[in-house]
Each structure stands twice: as structure tokens, then as C-alpha cells.
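Next comes run-v1.txt, a file with compact mmCIF, C-alpha atoms.
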```txt
# COMPACT_ATOMS: atom_id res chain seq x y z
CA MET A 203 -0.35 38.77 32.67
CA LYS A 204 2.10 38.07 29.85
CA LEU A 205 1.65 41.59 28.42
CA LYS A 206 2.14 43.13 31.87
CA SER A 207 5.35 41.17 32.35
CA ILE A 208 6.67 42.48 29.02
CA TYR A 209 5.91 46.07 30.06
CA LEU A 210 7.64 45.48 33.40
CA ILE A 211 10.78 44.19 31.68
CA LEU A 212 10.78 47.19 29.31
CA LEU A 213 10.44 49.55 32.28
CA ILE A 214 13.42 47.95 34.02
CA CYS A 215 15.47 48.21 30.81
CA VAL A 216 14.67 51.94 30.49
CA LEU A 217 15.63 52.63 34.11
CA SER A 218 18.86 50.65 33.69
CA THR A 219 19.73 52.50 30.46
CA ILE A 220 19.30 55.87 32.18
CA SER A 221 21.54 54.71 35.01
CA PHE A 222 24.32 53.47 32.69
CA THR A 223 24.09 56.66 30.60
CA LYS A 224 24.72 58.74 33.67
CA GLN A 225 27.71 56.57 34.55
CA ASP A 226 29.23 57.05 31.10
CA ASP A 227 29.29 60.85 31.61
CA ILE A 228 31.55 60.64 34.65
CA CYS A 229 34.59 61.63 32.58
CA VAL A 230 32.94 64.38 30.53
CA TYR A 231 33.16 67.97 31.78
CA LYS A 232 30.98 70.61 30.15
CA PHE A 233 31.33 74.34 30.44
CA GLU A 234 29.64 77.28 28.74
CA SER A 235 31.22 76.83 25.32
CA ASN A 236 33.66 73.91 25.68
CA LYS A 237 33.52 70.24 26.54
CA TYR A 238 36.32 68.00 27.80
CA ASP A 239 36.07 64.24 27.42
CA LEU A 240 38.79 62.41 29.36
CA THR A 241 37.45 58.93 28.64
CA GLU A 242 40.16 58.02 26.12
CA LEU A 243 42.89 59.37 28.38
CA PHE A 244 42.05 56.88 31.13
CA LYS A 245 40.55 54.03 29.09
CA SER A 246 43.55 51.80 29.88
CA GLY A 247 43.24 52.42 33.61
CA ALA A 248 44.87 54.64 36.18
CA LEU A 249 48.03 56.64 35.51
CA VAL A 250 50.75 56.06 38.09
CA LEU A 251 52.59 59.25 39.08
CA ASN A 252 55.62 59.66 41.33
CA ASP A 253 55.89 61.88 44.37
CA ALA A 254 57.93 65.08 44.03
CA LYS A 255 59.87 64.42 47.25
CA SER A 256 59.87 60.68 47.89
CA SER A 257 60.90 58.15 45.26
CA LYS A 258 58.98 55.41 47.10
CA THR A 259 55.62 57.18 47.18
CA THR A 260 53.34 56.87 44.17
CA TYR A 261 49.84 57.98 43.19
CA SER A 262 47.28 56.13 41.07
CA VAL A 263 45.11 58.68 39.27
CA ASP A 264 41.86 57.89 37.46
CA PRO A 265 38.93 60.36 37.57
CA CYS A 266 36.91 58.03 35.31
CA ALA A 267 36.97 54.90 37.46
CA PRO A 268 38.04 55.28 41.10
CA VAL A 269 40.82 52.88 42.07
CA ALA A 270 40.89 50.54 45.06
CA CYS A 271 42.28 52.43 48.02
CA SER A 272 41.81 52.93 51.76
CA PRO A 273 39.42 53.46 53.44
CA THR A 274 37.44 53.64 50.18
CA GLU A 275 37.87 53.86 46.40
CA SER A 276 39.36 57.12 45.20
CA PRO A 277 40.11 59.00 41.95
CA MET A 278 43.59 59.51 43.43
CA CYS A 279 45.15 56.91 45.72
CA GLN A 280 48.44 57.48 47.52
CA LYS A 281 50.79 54.57 48.20
CA ASP A 282 53.23 55.81 50.81
CA ASP A 283 56.81 54.77 51.61
CA ASN A 284 55.54 51.88 53.76
CA GLY A 285 53.19 50.57 51.10
CA SER A 286 50.05 51.78 52.87
CA LEU A 287 47.19 53.15 50.78
CA HIS A 288 45.46 56.48 51.44
CA SER A 289 42.50 57.96 49.62
CA CYS A 290 43.17 61.52 48.45
CA GLY A 291 39.50 62.38 47.97
CA ILE A 292 36.23 60.76 46.99
CA LEU A 293 34.53 60.92 43.62
CA SER A 294 31.24 62.34 44.93
CA SER A 295 33.05 65.45 46.21
CA ALA A 296 34.34 66.39 42.74
CA THR A 297 34.14 70.01 41.60
CA SER A 298 35.57 71.10 38.28
CA LYS A 299 36.52 74.29 36.50
CA GLU A 300 37.93 75.16 33.11
CA ILE A 301 41.53 76.27 32.92
CA GLU A 302 41.85 79.77 31.47
CA ASN A 303 41.51 80.21 27.68
CA GLY A 304 40.34 76.67 27.10
CA GLY A 305 43.60 75.31 28.43
CA GLY A 306 42.14 72.20 30.02
CA VAL A 307 40.11 71.10 33.02
CA GLU A 308 40.88 71.09 36.73
CA ILE A 309 39.10 68.70 39.11
CA ASP A 310 39.18 69.02 42.90
CA TYR A 311 38.43 66.21 45.35
CA SER A 312 38.05 66.23 49.12
CA GLY A 313 37.05 63.87 51.93
CA GLY A 314 40.05 61.57 51.68
CA ASP A 315 41.82 59.55 54.35
CA GLY A 316 42.89 61.72 57.29
CA GLY A 317 41.60 64.88 55.63
CA ARG A 318 43.50 64.35 52.41
CA ALA A 319 42.39 66.20 49.25
CA SER A 320 43.63 66.37 45.69
CA THR A 321 43.56 68.33 42.45
CA VAL A 322 43.87 66.71 39.03
CA SER A 323 44.73 69.22 36.29
CA VAL A 324 44.60 67.98 32.70
CA TYR A 325 46.20 70.55 30.38
CA CYS A 326 45.68 70.79 26.65
CA ASP A 327 48.65 69.69 24.58
CA PRO A 328 47.57 68.94 20.99
CA LEU A 329 50.90 67.20 20.25
CA ALA A 330 50.81 64.88 23.26
CA GLU A 331 49.56 61.61 21.78
CA THR A 332 50.88 59.92 24.91
CA PRO A 333 50.18 61.83 28.15
CA THR A 334 53.04 63.42 30.03
CA TYR A 335 52.88 64.36 33.67
CA ASP A 336 54.78 65.97 36.50
CA SER A 337 55.56 64.45 39.89
CA VAL A 338 52.79 64.99 42.41
CA ASN A 339 53.48 67.80 44.85
CA GLU A 340 51.81 68.47 48.18
CA ALA A 341 50.59 72.05 48.57
CA PRO A 342 49.07 72.97 50.94
CA THR A 343 49.51 70.20 53.50
CA LYS A 344 47.51 67.04 52.68
CA THR A 345 46.43 68.42 49.29
CA TYR A 346 48.06 66.53 46.43
CA ASN A 347 48.36 68.09 42.97
CA ALA A 348 48.65 66.07 39.78
CA VAL A 349 49.41 67.80 36.47
CA ILE A 350 48.80 65.87 33.24
CA ARG A 351 49.28 67.08 29.66
CA SER A 352 47.44 65.40 26.84
CA LYS A 353 45.61 66.02 23.57
CA TYR A 354 42.52 64.81 25.43
CA GLY A 355 42.83 67.84 27.65
CA CYS A 356 41.94 70.01 24.66
CA PRO A 357 38.36 71.24 24.40
CA SER A 358 35.79 70.36 21.80
CA THR A 359 33.26 73.06 21.05
CA GLY A 360 29.66 72.61 22.02
CA GLY A 361 29.57 72.48 25.77
CA ASP A 362 25.91 71.67 25.66
CA GLY A 363 25.10 72.50 29.26
CA GLY A 364 22.85 69.44 29.49
CA LEU A 365 21.45 69.66 25.95
CA GLY A 366 21.69 65.89 25.54
CA GLY A 367 19.32 65.39 28.46
CA TRP A 368 16.84 67.89 27.03
CA VAL A 369 16.93 66.17 23.63
CA PHE A 370 16.05 62.89 25.32
CA ILE A 371 13.18 64.53 27.24
CA ILE A 372 11.80 66.23 24.11
CA ILE A 373 11.88 62.97 22.14
CA LEU A 374 10.23 61.15 25.02
CA VAL A 375 7.44 63.74 25.29
CA VAL A 376 6.81 63.65 21.52
CA VAL A 377 6.61 59.84 21.54
CA ILE A 378 4.18 59.88 24.48
CA VAL A 379 1.95 62.47 22.80
CA ILE A 380 1.88 60.49 19.53
CA TYR A 381 1.17 57.31 21.48
CA ILE A 382 -1.73 58.84 23.42
CA ILE A 383 -3.36 60.68 20.49
CA GLY A 384 -2.82 57.82 18.04
CA GLY A 385 -4.06 55.29 20.57
CA ILE A 386 -7.21 57.26 21.35
CA LEU A 387 -8.04 57.69 17.65
CA PHE A 388 -7.45 54.00 17.00
CA MET A 389 -9.61 52.90 19.94
CA ARG A 390 -12.39 55.31 18.98
CA PHE A 391 -12.65 54.68 15.26
CA ALA A 392 -11.25 51.15 14.88
CA LYS A 393 -12.65 49.65 18.06
CA GLY A 394 -15.66 51.92 18.62
CA ALA A 395 -14.61 52.62 22.22
CA THR A 396 -15.98 55.55 24.19
CA GLY A 397 -15.11 57.37 27.40
CA SER A 398 -12.15 56.05 29.39
CA ASP A 399 -12.11 52.90 27.25
CA MET A 400 -10.46 54.99 24.51
CA ILE A 401 -7.27 55.15 26.58
CA PRO A 402 -4.74 52.85 24.87
CA ASN A 403 -3.72 49.89 27.06
CA LYS A 404 -6.00 51.13 29.81
CA GLU A 405 -5.38 48.13 32.05
CA PHE A 406 -1.65 48.72 31.94
CA TRP A 407 -1.96 52.36 33.01
CA VAL A 408 -4.31 51.41 35.82
CA ASP A 409 -1.72 48.90 37.03
CA PHE A 410 1.26 51.18 36.27
CA PRO A 411 1.88 52.36 39.89
CA SER A 412 2.06 48.78 41.14
CA LEU A 413 4.24 47.79 38.17
CA LEU A 414 6.59 50.67 38.92
CA LYS A 415 6.81 49.56 42.54
CA ASP A 416 7.49 45.96 41.46
CA GLY A 417 10.16 47.19 39.05
CA PHE A 418 12.06 49.12 41.73
CA PHE A 419 11.64 46.23 44.18
CA PHE A 420 13.10 43.83 41.59
CA MET A 421 16.08 46.09 40.86
CA PHE A 422 16.92 46.75 44.53
CA SER A 423 16.47 43.06 45.37
CA CYS A 424 19.01 42.17 42.68
CA CYS A 425 21.44 44.80 44.03
CA ARG A 426 21.13 43.49 47.60
CA LYS A 427 21.61 39.91 46.41
CA SER A 428 24.78 40.95 44.55
CA ASP A 429 26.10 42.64 47.69
CA TYR A 430 25.44 39.54 49.77
CA ASP A 431 27.11 37.29 47.18
CA ALA A 432 30.16 39.57 47.19
CA VAL A 433 30.41 39.24 50.99
```

Once more with this new file: its structure as C-alpha cells, please.
Amino acid sequence: MKLKSIYLILLICVLSTISFTKQDDICVYKFESNKYDLTELFKSGALVLNDAKSSKTTYSVDPCAPVACSPTESPMCQKDDNGSLHSCGILSSATSKEIENGGGVEIDYSGGDGGRASTVSVYCDPLAETPTYDSVNEAPTKTYNAVIRSKYGCPSTGGDGGLGGWVFIIILVVVIVIYIIGGILFMRFAKGATGSDMIPNKEFWVDFPSLLKDGFFFMFSCCRKSDYDAV
């Protein structure tokens, strides 16, 4: 049982690592030949931009970590003249495109409060150590446009189109093949096993479906407990 528990813990760690890796890529935008990493631009938190028409209205912008807003968190949150908060789009709706000639990245959001939407354009300015930005303008109605200029809006070559994921898969497949072949040879010649007994850690693989189920159950149970504690 002790060995099975160790395997279960390792499985949970692998699943958690994959989840956190995906989260880390939220601020990286990859295109055919260029990649834009906005992580450093927003590492200190949201940028606060003014409204082009009203001096009392502001916008908190952070595509990397949605800010508290209403009715839900948003990569752009509007604080109107009365101090009320309005989401200008949700993170899951994000679509991005590269600005012409490697000039930066443009991210569109929709599904905000009352039909609000937004566009965050980060332009390449190699000399802008500190980001500069324009006041947010509304065009068309209920679509809010933020323009930011920064050295972090400049592309790095090697838009890998998901190459990192393929590297991980290739390494994983190679490790599994080595594990299976090496394990079979060891069991056959060192242990004298035959037939299905040559499968390395046979008992584990027989129990693997139930271990996988227990692993997911454990993870989701923890998540539900955290939600309840928060309430």
C-alpha cells in the first residue's frame, strides 16, 4: 500500500504541474514567427488608465491576472463616475492577433457587464522601459480601447506554435518506452519472470485506473473544500 500511495502522490503532482504550466502561459501570445510575453509588463499588477472623456472614470487593465470587478473578474475593469465597477470582458473570451509588421499584440475581450467589450493593444516601443499609454476611448459603443506602448510589446523570434508542448510529449513518450523495455528486460533476466509477470510494477498498472480515479477525486475534493472555506 505504501508504494501505491507514493505513486498516487506523484500522479497528483504531475497533474498539478501541468495545470500550473498552463496558467503561466496566460500572458504569452504566439504567432507564426513571433512570440510576445507580457508577463514582465504586468508583473506589478494592473495598469490604471484614465478615460478619454471623463476625468473620474478609470480602467484597471491586466490581461495576465484578471482584476476584481463586477459581476465577475475581468482583464479590464471600468470604474465609472459613481465608483461602480463594470467588467469590460472576460478572460475566457480572449482572441488575439499580431499587429502588422511585428508591431505588437492586440487582444479582444467580450462578455462584459451589460454587453461591454474591450481591446487591449500593446505596441512595440524598444525605448519604453516604463510603459506609456493613452486614455481609454469608447468606440464603438460599449467597446473600450486601451493602447499601451512598451519594450515588452516587442516580439521575440521563435513563435513555436506549441513546440514546447510537443517537446514535453516527446520526452514523456521516450521515458515511457525506456521504462517499459528496460523493466521487461530486468524482470526477464534478473528476476526470471515470464509472460505478464515481466511487466514492471504490474500490480500498479492493474490498479492504475482506480488510482487515477482516486487522484481526481482527491484533487476535486480539495477544490470544493477550499470553495466552502472561502464562503

Determine, counting all atoms listed in the file, which protein, DNA and RNA residues have an atom within 7 Å of an atom of stretch 238-243 of chain A; residues of the same chain fewer than 6 positions away are not included. Present the result as a PyMOL selection string.
chain A and resi 229-232+266+354-358

Can you pull out every residue within 6 Å of A:Val324, counting all atoms listed in the file, but drop anything in the same chain fewer than 3 positions away, and send it as a count of residues only?
5

Could you tell me how far atom CA of A:Phe244 sits from atom CA of A:Gly314, in Å to one decimal place?
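Separation between atom CA of A:Gly314 and atom CA of A:Phe244: 21.2 Å.
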
Please, what distance in Å, to one decimal, runs between atom CA of A:Ile228 and atom CA of A:Asp282?
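Separation of atom CA of A:Ile228 and atom CA of A:Asp282: 27.5 Å.
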
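The space separating atom CA of A:Ser262 from atom CA of A:Met278 comes to 5.5 Å.
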
Which residues, written as a list in words, have at least one atom at most 12 Å from stretch 385-387 of chain A, with all atoms listed in the file counted and residues fewer than 2 positions away on the same chain left out?
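Contacts, in chain order: Val377, Ile378, Val379, Ile380, Tyr381, Ile382, Ile383, Met389, Arg390, Phe391, Ala392, Lys393, Gly394, Ala395, Thr396, Gly397, Ser398, Asp399, Met400, Ile401, Pro402, Asn403 and Lys404 of chain A.
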
Considering all atoms listed in the file, can you say which of A:Ile371, A:Pro265, A:Arg318, A:Cys271 comes closest to A:Ala296?
A:Pro265

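Minimum atom-to-atom distance to A:Lys258, evaluated using only C-alpha atoms, belongs to A:Gln280 out of A:Thr343, A:Ser352, A:Gln280, A:Asn303.
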
Could you pull the residues within 10 Å of A:Thr274, counting only C-alpha atoms, minus those fewer than 3 positions along the same chain, as a PyMOL selection string?
chain A and resi 268-271+279+287-292+314-315

From A:Ser257, A:Ala267, A:Val338, A:Glu405, residue lying nearest A:Asp227 [only C-alpha atoms]:
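Among the listed residues, A:Ala267 lies closest to A:Asp227.
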
Name the closest residue to A:Gly304 among the candidates A:Glu340, A:Glu234, A:Asp264, A:Glu275; distances are taken between atoms, counting all atoms listed in the file.
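Looking only at the distances to A:Gly304, the closest residue turns out to be A:Glu234.
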
Please identify all polymer residues within 10 Å of A:Ala348, counting all atoms listed in the file, omitting same-chain residues fewer than 3 positions from it, and present them as JSON, numbers by chain.
{"A": [251, 252, 253, 261, 263, 278, 308, 309, 320, 321, 322, 323, 324, 335, 336, 337, 338, 339, 340]}

I'd like to know which of A:Ser256, A:Thr345, A:Ser286, A:Thr359 is closest to A:Asp310, using all atoms listed in the file.
A:Thr345
